[in-house]
file final.cif (mmCIF, C-alpha atoms)
data_my_file
#
loop_
_atom_site.label_atom_id
_atom_site.label_comp_id
_atom_site.auth_asym_id
_atom_site.auth_seq_id
_atom_site.Cartn_x
_atom_site.Cartn_y
_atom_site.Cartn_z
CA MET A 1 0.00 0.00 0.00
CA GLN A 2 1.53 3.28 -1.14
CA ARG A 3 1.46 6.33 1.13
CA ARG A 4 1.13 10.06 0.63
CA ILE A 5 1.48 13.09 2.90
CA LEU A 6 -1.85 14.50 4.10
CA GLY A 7 -1.79 18.09 2.91
CA GLY A 8 0.78 20.12 4.81
CA THR A 9 0.36 18.19 8.06
CA GLY A 10 3.40 15.95 7.61
CA ILE A 11 1.18 12.97 8.42
CA SER A 12 1.79 9.93 6.19
CA VAL A 13 -1.40 8.14 5.14
CA SER A 14 -2.19 5.18 2.90
CA GLU A 15 -3.68 5.76 -0.56
CA TYR A 16 -6.72 3.84 0.64
CA ALA A 17 -8.52 4.88 3.80
CA LEU A 18 -10.93 2.53 5.54
CA GLY A 19 -14.34 4.18 5.78
CA ALA A 20 -16.34 2.90 8.74
CA MET A 21 -19.85 4.02 7.77
CA MET A 22 -20.96 0.44 7.14
CA LEU A 23 -19.62 -0.85 10.47
CA GLY A 24 -22.61 -1.08 12.78
CA GLY A 25 -26.32 -0.53 12.38
CA TRP A 26 -26.08 1.10 8.95
CA GLY A 27 -24.45 -2.01 7.47
CA ASN A 28 -22.76 -4.89 9.29
CA THR A 29 -24.27 -5.40 12.74
CA ASP A 30 -21.82 -8.16 13.74
CA HIS A 31 -19.26 -6.29 15.85
CA ASP A 32 -16.72 -9.11 15.84
CA ASP A 33 -16.87 -9.30 12.07
CA CYS A 34 -16.47 -5.53 11.85
CA VAL A 35 -13.37 -5.72 14.05
CA ARG A 36 -11.96 -8.35 11.71
CA ILE A 37 -12.57 -6.00 8.77
CA VAL A 38 -10.58 -3.25 10.48
CA HIS A 39 -7.76 -5.62 11.37
CA ARG A 40 -7.61 -7.03 7.84
CA ALA A 41 -7.35 -3.50 6.45
CA LEU A 42 -4.55 -2.59 8.86
CA ASP A 43 -2.68 -5.81 8.10
CA ALA A 44 -2.91 -4.97 4.38
CA GLY A 45 -1.14 -1.65 4.94
CA ILE A 46 -4.05 0.76 5.39
CA ASN A 47 -3.16 3.13 8.23
CA PHE A 48 -5.98 5.66 7.74
CA VAL A 49 -9.44 5.06 9.28
CA ASP A 50 -12.34 7.49 8.81
CA THR A 51 -15.62 7.45 10.71
CA ALA A 52 -18.20 9.95 12.04
CA ASP A 53 -20.29 10.42 15.15
CA VAL A 54 -23.53 10.15 13.16
CA TYR A 55 -22.75 6.73 11.66
CA ALA A 56 -25.27 4.42 13.36
CA ALA A 57 -25.63 6.99 16.16
CA GLY A 58 -22.08 6.49 17.42
CA GLU A 59 -21.96 2.72 17.01
CA SER A 60 -19.38 2.93 14.22
CA GLU A 61 -17.02 4.93 16.45
CA GLU A 62 -17.45 2.38 19.23
CA ILE A 63 -16.57 -0.49 16.88
CA VAL A 64 -13.51 1.36 15.58
CA GLY A 65 -12.46 1.99 19.17
CA LYS A 66 -12.66 -1.74 19.94
CA ALA A 67 -10.71 -2.62 16.81
CA LEU A 68 -7.89 -0.18 17.51
CA LYS A 69 -7.11 -1.36 21.04
CA GLY A 70 -3.40 -2.09 21.09
CA ARG A 71 -2.91 -0.59 17.61
CA ARG A 72 -3.95 3.02 18.09
CA GLU A 73 -0.48 4.54 17.71
CA ASP A 74 -0.07 3.01 14.25
CA VAL A 75 -3.32 4.46 12.90
CA VAL A 76 -4.26 7.90 11.61
CA LEU A 77 -7.77 8.22 13.01
CA ALA A 78 -10.31 10.62 11.51
CA THR A 79 -13.86 11.36 12.55
CA LYS A 80 -16.48 14.01 11.88
CA ALA A 81 -19.24 16.05 13.52
CA VAL A 82 -22.05 18.47 12.58
CA SER A 83 -24.91 16.04 11.83
CA SER A 84 -27.74 15.92 14.35
CA MET A 85 -27.14 13.54 17.26
CA GLY A 86 -30.44 14.05 19.04
CA PRO A 87 -33.82 15.79 19.03
CA ASP A 88 -32.50 19.01 20.52
CA ALA A 89 -31.45 21.62 17.94
CA ASN A 90 -28.22 22.17 19.88
CA HIS A 91 -27.19 18.51 19.51
CA GLY A 92 -25.54 19.13 16.17
CA GLY A 93 -24.06 21.85 14.01
CA SER A 94 -20.69 23.55 14.26
CA SER A 95 -21.14 25.93 17.19
CA ARG A 96 -18.48 26.00 19.91
CA ARG A 97 -21.10 24.70 22.33
CA TRP A 98 -21.68 21.54 20.28
CA ILE A 99 -18.17 20.92 18.95
CA VAL A 100 -16.64 20.82 22.42
CA ARG A 101 -19.17 18.24 23.54
CA ALA A 102 -19.04 16.28 20.29
CA VAL A 103 -15.26 15.86 20.52
CA GLU A 104 -15.53 14.55 24.07
CA ASP A 105 -18.25 12.10 23.02
CA SER A 106 -16.17 10.86 20.08
CA LEU A 107 -13.06 10.46 22.22
CA ARG A 108 -15.04 8.35 24.69
CA ARG A 109 -16.59 6.14 22.00
CA LEU A 110 -13.27 5.72 20.19
CA GLY A 111 -11.42 4.89 23.40
CA THR A 112 -8.63 7.37 22.71
CA ASP A 113 -7.38 10.67 24.09
CA TYR A 114 -6.77 12.34 20.74
CA ILE A 115 -8.17 12.46 17.20
CA ASP A 116 -5.72 12.83 14.33
CA LEU A 117 -8.15 14.53 11.94
CA TYR A 118 -11.39 16.14 13.09
CA GLN A 119 -13.69 17.23 10.25
CA MET A 120 -16.81 19.31 9.89
CA HIS A 121 -19.13 16.86 8.11
CA ARG A 122 -21.09 19.51 6.18
CA PRO A 123 -21.27 23.31 6.11
CA ASP A 124 -23.44 24.78 8.87
CA PRO A 125 -25.18 27.92 7.54
CA THR A 126 -26.37 28.87 11.03
CA THR A 127 -22.87 29.29 12.48
CA ASP A 128 -20.18 31.82 11.60
CA ILE A 129 -17.10 29.95 10.36
CA ASP A 130 -15.03 32.19 12.68
CA GLU A 131 -16.86 30.60 15.65
CA THR A 132 -16.19 27.11 14.32
CA LEU A 133 -12.49 27.63 13.58
CA SER A 134 -11.95 29.30 16.93
CA ALA A 135 -13.36 26.28 18.78
CA LEU A 136 -11.44 23.80 16.64
CA SER A 137 -8.19 25.71 17.12
CA ASP A 138 -8.63 25.56 20.88
CA LEU A 139 -9.18 21.80 20.69
CA VAL A 140 -5.94 21.39 18.74
CA ARG A 141 -4.05 23.50 21.28
CA ALA A 142 -5.57 21.40 24.07
CA GLY A 143 -4.10 18.27 22.45
CA LYS A 144 -7.45 16.61 21.80
CA VAL A 145 -7.23 17.06 18.01
CA ARG A 146 -4.15 17.04 15.79
CA ALA A 147 -5.52 18.55 12.56
CA ILE A 148 -8.85 19.86 11.29
CA GLY A 149 -10.68 19.54 7.99
CA SER A 150 -13.93 19.97 6.11
CA SER A 151 -16.16 17.51 4.30
CA THR A 152 -18.38 18.16 1.27
CA PHE A 153 -17.77 21.91 1.38
CA PRO A 154 -18.33 23.96 -1.81
CA ALA A 155 -15.21 25.69 -3.12
CA GLU A 156 -16.38 29.13 -2.05
CA GLN A 157 -16.81 28.00 1.54
CA ILE A 158 -13.39 26.35 1.53
CA VAL A 159 -11.94 29.71 0.46
CA GLU A 160 -13.96 31.58 3.10
CA ALA A 161 -12.67 29.23 5.80
CA GLN A 162 -9.06 29.68 4.65
CA TRP A 163 -9.32 33.46 4.61
CA THR A 164 -11.09 33.57 7.97
CA ALA A 165 -8.37 31.45 9.55
CA GLU A 166 -5.66 33.77 8.22
CA ARG A 167 -7.40 37.00 9.21
CA ARG A 168 -8.54 35.83 12.64
CA GLY A 169 -5.41 33.93 13.60
CA HIS A 170 -7.05 30.51 13.72
CA LEU A 171 -5.71 27.16 12.59
CA ARG A 172 -6.98 26.35 9.12
CA PHE A 173 -8.67 23.39 7.52
CA ARG A 174 -5.91 21.09 6.30
CA THR A 175 -8.14 18.66 4.41
CA GLU A 176 -11.33 18.40 2.40
CA GLN A 177 -13.41 15.22 2.00
CA PRO A 178 -15.59 15.44 -1.14
CA PRO A 179 -17.67 12.84 -2.99
CA TYR A 180 -15.85 11.81 -6.17
CA SER A 181 -16.37 9.05 -8.70
CA MET A 182 -16.48 8.42 -12.44
CA LEU A 183 -20.20 9.30 -12.31
CA ALA A 184 -19.88 12.31 -9.99
CA ARG A 185 -17.07 14.54 -11.23
CA GLY A 186 -18.44 17.93 -10.25
CA VAL A 187 -15.66 18.52 -7.71
CA GLU A 188 -13.17 18.70 -10.57
CA ASN A 189 -14.55 22.15 -11.48
CA ALA A 190 -13.53 24.06 -8.36
CA VAL A 191 -13.26 21.95 -5.19
CA LEU A 192 -10.20 19.93 -6.18
CA PRO A 193 -8.33 22.90 -7.76
CA THR A 194 -9.13 25.00 -4.67
CA ALA A 195 -7.83 22.29 -2.35
CA GLN A 196 -4.63 22.11 -4.40
CA ARG A 197 -4.25 25.89 -4.31
CA TYR A 198 -4.36 25.89 -0.52
CA GLY A 199 -2.19 22.80 -0.10
CA MET A 200 -5.01 20.77 1.41
CA GLY A 201 -5.07 17.01 1.59
CA VAL A 202 -8.06 15.41 -0.13
CA LEU A 203 -9.68 12.19 1.04
CA THR A 204 -12.51 11.30 -1.30
CA TRP A 205 -15.58 9.23 -0.54
CA GLY A 206 -18.04 7.29 -2.70
CA PRO A 207 -15.68 5.95 -5.41
CA LEU A 208 -18.28 3.31 -6.28
CA SER A 209 -21.07 5.92 -6.38
CA ALA A 210 -23.34 4.24 -3.80
CA GLY A 211 -23.02 0.89 -5.57
CA TRP A 212 -23.51 2.01 -9.18
CA LEU A 213 -19.89 1.09 -9.95
CA SER A 214 -19.75 -2.04 -7.79
CA GLY A 215 -20.27 -4.39 -10.72
CA ARG A 216 -23.34 -5.84 -9.01
CA ASP A 217 -26.76 -6.24 -10.58
CA LEU A 218 -28.69 -3.02 -10.07
CA SER A 219 -32.03 -4.32 -11.24
CA ALA A 220 -35.13 -3.36 -9.30
CA SER A 221 -35.08 -6.57 -7.27
CA SER A 222 -31.55 -5.90 -6.00
CA ARG A 223 -32.42 -2.38 -4.86
CA ALA A 224 -35.10 -3.33 -2.38
CA GLY A 225 -33.11 -2.31 0.69
CA LEU A 226 -31.54 0.83 -0.77
CA GLU A 227 -32.77 4.38 -1.02
CA SER A 228 -35.06 4.12 -4.01
CA GLN A 229 -34.44 7.61 -5.37
CA LYS A 230 -30.75 6.81 -5.85
CA PHE A 231 -31.62 4.04 -8.32
CA ASP A 232 -34.98 5.05 -9.74
CA LEU A 233 -34.40 5.04 -13.50
CA SER A 234 -37.37 7.32 -14.08
CA ILE A 235 -35.16 10.09 -12.69
CA PRO A 236 -33.22 11.51 -15.67
CA GLY A 237 -29.95 11.72 -13.76
CA ASN A 238 -30.16 8.05 -12.84
CA ALA A 239 -30.98 7.09 -16.41
CA ARG A 240 -27.84 8.92 -17.52
CA LYS A 241 -25.85 7.05 -14.89
CA ALA A 242 -27.18 3.70 -16.08
CA GLU A 243 -26.06 4.46 -19.63
CA ALA A 244 -22.65 5.54 -18.40
CA VAL A 245 -22.21 2.43 -16.24
CA HIS A 246 -22.85 0.24 -19.27
CA ALA A 247 -20.21 2.09 -21.29
CA LEU A 248 -17.73 2.16 -18.39
CA SER A 249 -18.20 -1.58 -17.89
CA GLU A 250 -17.04 -2.10 -21.46
CA VAL A 251 -13.96 0.05 -20.79
CA ALA A 252 -13.18 -2.01 -17.70
CA GLU A 253 -13.62 -5.29 -19.55
CA GLU A 254 -11.34 -4.21 -22.38
CA ALA A 255 -8.75 -3.05 -19.85
CA GLY A 256 -8.93 -6.44 -18.12
CA LEU A 257 -10.20 -4.94 -14.87
CA PRO A 258 -13.21 -5.43 -12.62
CA LEU A 259 -15.37 -2.30 -12.74
CA PRO A 260 -14.71 -1.43 -9.04
CA HIS A 261 -10.95 -1.50 -9.66
CA LEU A 262 -11.36 0.85 -12.62
CA ALA A 263 -13.49 3.13 -10.43
CA THR A 264 -11.07 3.36 -7.51
CA ALA A 265 -8.01 3.69 -9.78
CA PHE A 266 -9.72 6.57 -11.59
CA VAL A 267 -10.21 8.52 -8.36
CA ARG A 268 -6.70 7.74 -7.16
CA SER A 269 -5.23 9.02 -10.44
CA HIS A 270 -6.25 12.65 -9.85
CA PRO A 271 -3.22 14.63 -8.61
CA ALA A 272 -5.28 16.43 -5.96
CA VAL A 273 -6.36 13.20 -4.26
CA THR A 274 -4.39 12.03 -1.24
CA SER A 275 -6.45 9.03 -0.17
CA VAL A 276 -9.55 7.21 -1.43
CA ILE A 277 -12.02 6.13 1.22
CA ILE A 278 -13.35 2.61 0.68
CA GLY A 279 -16.34 1.52 2.77
CA PRO A 280 -16.69 -2.27 2.78
CA ARG A 281 -19.52 -3.98 4.63
CA THR A 282 -17.94 -7.46 4.53
CA LEU A 283 -14.50 -9.04 4.49
CA ASP A 284 -15.08 -10.24 0.94
CA GLN A 285 -15.82 -6.70 -0.21
CA LEU A 286 -12.67 -5.44 1.50
CA ASP A 287 -10.51 -8.17 -0.04
CA SER A 288 -11.90 -7.39 -3.49
CA MET A 289 -11.13 -3.69 -3.10
CA LEU A 290 -7.63 -4.39 -1.80
CA GLU A 291 -6.87 -6.42 -4.91
CA GLY A 292 -7.18 -3.24 -6.94
CA SER A 293 -4.94 -1.08 -4.75
CA GLU A 294 -2.01 -1.17 -7.18
CA VAL A 295 -3.99 -0.64 -10.40
CA THR A 296 -2.93 2.38 -12.45
CA LEU A 297 -4.70 3.70 -15.53
CA GLY A 298 -3.01 4.86 -18.71
CA ALA A 299 -3.90 8.04 -20.55
CA ASP A 300 -5.84 6.07 -23.15
CA VAL A 301 -8.19 4.60 -20.53
CA LEU A 302 -8.61 7.96 -18.78
CA ASP A 303 -9.44 9.58 -22.12
CA ARG A 304 -12.15 6.98 -22.75
CA ILE A 305 -13.65 7.68 -19.33
CA ASP A 306 -13.63 11.41 -20.14
CA ALA A 307 -15.51 10.69 -23.35
CA ILE A 308 -18.26 8.86 -21.43
CA VAL A 309 -18.55 11.26 -18.49
CA PRO A 310 -17.03 14.65 -19.32
CA PRO A 311 -14.69 16.18 -16.72
CA GLY A 312 -16.48 18.28 -14.13
CA THR A 313 -19.85 16.59 -14.71
CA ASP A 314 -22.26 15.22 -12.12
CA LEU A 315 -24.65 13.00 -14.08
CA ASN A 316 -27.14 13.32 -11.22
CA ARG A 317 -27.03 16.64 -9.38
CA ALA A 318 -28.04 14.88 -6.16
CA ASP A 319 -24.64 13.17 -6.11
CA ALA A 320 -23.08 16.43 -4.95
CA TYR A 321 -24.67 15.57 -1.56
CA TYR A 322 -24.90 19.20 -0.50
CA LEU A 323 -27.10 22.01 -1.73
CA PRO A 324 -26.93 25.42 -0.03
CA PRO A 325 -30.00 26.77 1.77
CA ALA A 326 -30.46 29.34 -1.01
CA ILE A 327 -31.41 26.42 -3.25
CA THR A 328 -33.33 24.22 -0.84
CA ASP A 329 -35.26 26.92 1.07
CA ALA A 330 -37.69 28.75 -1.21
CA SER A 331 -38.27 31.50 1.36
CA LEU A 332 -34.71 32.71 0.86
CA ARG A 333 -35.47 33.46 -2.80
CA ARG A 334 -38.66 35.45 -2.24
CA ARG A 335 -38.91 38.99 -0.97
CA ARG A 336 -41.38 39.26 1.87
#
call {"tool": "encode", "arguments": {"input": "final.cif", "output": "structure tokens"}}
result
Amino acid sequence: MQRRILGGTGISVSEYALGAMMLGGWGNTDHDDCVRIVHRALDAGINFVDTADVYAAGESEEIVGKALKGRREDVVLATKAVSSMGPDANHGGSSRRWIVRAVEDSLRRLGTDYIDLYQMHRPDPTTDIDETLSALSDLVRAGKVRAIGSSTFPAEQIVEAQWTAERRGHLRFRTEQPPYSMLARGVENAVLPTAQRYGMGVLTWGPLSAGWLSGRDLSASSRAGLESQKFDLSIPGNARKAEAVHALSEVAEEAGLPLPHLATAFVRSHPAVTSVIIGPRTLDQLDSMLEGSEVTLGADVLDRIDAIVPPGTDLNRADAYYLPPAITDASLRRRR
């Protein structure tokens, strides 16, 4: 497993990161099996583990904590906050009040006294970024967090956070974690170039595009347990994705690769990307992904992918996974 430096932090991380979203109630409910998945990943050379407080309401963090007992010092551990963790409006977001509590809760669940990378899971339009960076900087100075980052932030908010940190004397976001796949390339327009401009590490998620690029049968019968809107072919964006998957499958076959290996190698090939988060639910899925960890794609294959899904294109706008309130809240577009 090759390694790269995470932004300007000096921290060495594997090109694959183990995403823990599927460990626990959102995926694999067998804790012992989940621990085996983590151990298998570490034994294969992955030293970067990413989770979040919201994954199965903290259960994922607890499983990761169990798995890292005795191996914590060899692992770069990342987690996230912002998503709601309870019915009270103050049990979420990026206010100082919540971040301080959320870090303590994550430390307890993870069974550690420090977090290597603490990320804001989504932008919080209700909180001034100055407030957020101030609280995060204090947590770094207290030794509870080593570095801070953002996740699924639009380019303009990445820039705002960088400028605020400089002007207010705060520590700055060192990483960004965007969704990125052959079917969701919107981050190539501004997010990835912006991260490069500010020397940020980039750990991408969703290389298999929620299963579209898994190589599995995505017929209606196989989608029974999944969010239907993500696979409903009556939605134009999904119909475009289905056409692209068929064409990309042919590219993979001609290159002698399983489709998932083509997908992860594509993401890893972008010069802005530091580490690709893979999120297996089973040991078999992990082993299959690990088999593709050394695959590299030539310019001819990358050009064929570009011809199927043009650079900077999200075939389904929903795959950006974040829309600002100005888009989602009609009241903000109408003068009262």
call {"tool": "atom_distance", "arguments": {"input": "final.cif", "atom1": "atom CA of A:Leu203", "atom2": "atom CA of A:Pro123"}}
result
16.8 Å
call {"tool": "resolve_selection", "arguments": {"input": "final.cif", "expression": "the PyMOL selection byres ((chain A and resi 275) around 6)", "output": "PyMOL selection string"}}
result
chain A and resi 15-16+203+273-274+276
call {"tool": "closest_residue", "arguments": {"input": "final.cif", "among": "A:Leu290, A:Ile235, A:Ile305, A:Val75", "to": "A:Ala318", "atoms": "only C-alpha atoms"}}
result
A:Ile235
call {"tool": "atom_distance", "arguments": {"input": "final.cif", "atom1": "atom CA of A:Lys80", "atom2": "atom CA of A:Arg122"}}
result
9.2 Å
call {"tool": "resolve_selection", "arguments": {"input": "final.cif", "expression": "the PyMOL selection byres ((chain A and resi 261) around 8)", "output": "list in words"}}
result
Leu257, Pro258, Leu259, Pro260, Leu262, Ala263, Thr264, Ala265, Met289, Glu291, Gly292, Ser293 and Val295 of chain A
call {"tool": "decode", "arguments": {"input": "final.cif", "residues": "stretch 96-115 of chain A", "atoms": "C-alpha atoms", "output": "CSV table (one decimal), in the first residue's frame"}}
result
chain,number,residue,atom,x,y,z
A,96,ARG,CA,-18.5,26.0,19.9
A,97,ARG,CA,-21.1,24.7,22.3
A,98,TRP,CA,-21.7,21.5,20.3
A,99,ILE,CA,-18.2,20.9,18.9
A,100,VAL,CA,-16.6,20.8,22.4
A,101,ARG,CA,-19.2,18.2,23.5
A,102,ALA,CA,-19.0,16.3,20.3
A,103,VAL,CA,-15.3,15.9,20.5
A,104,GLU,CA,-15.5,14.5,24.1
A,105,ASP,CA,-18.3,12.1,23.0
A,106,SER,CA,-16.2,10.9,20.1
A,107,LEU,CA,-13.1,10.5,22.2
A,108,ARG,CA,-15.0,8.4,24.7
A,109,ARG,CA,-16.6,6.1,22.0
A,110,LEU,CA,-13.3,5.7,20.2
A,111,GLY,CA,-11.4,4.9,23.4
A,112,THR,CA,-8.6,7.4,22.7
A,113,ASP,CA,-7.4,10.7,24.1
A,114,TYR,CA,-6.8,12.3,20.7
A,115,ILE,CA,-8.2,12.5,17.2
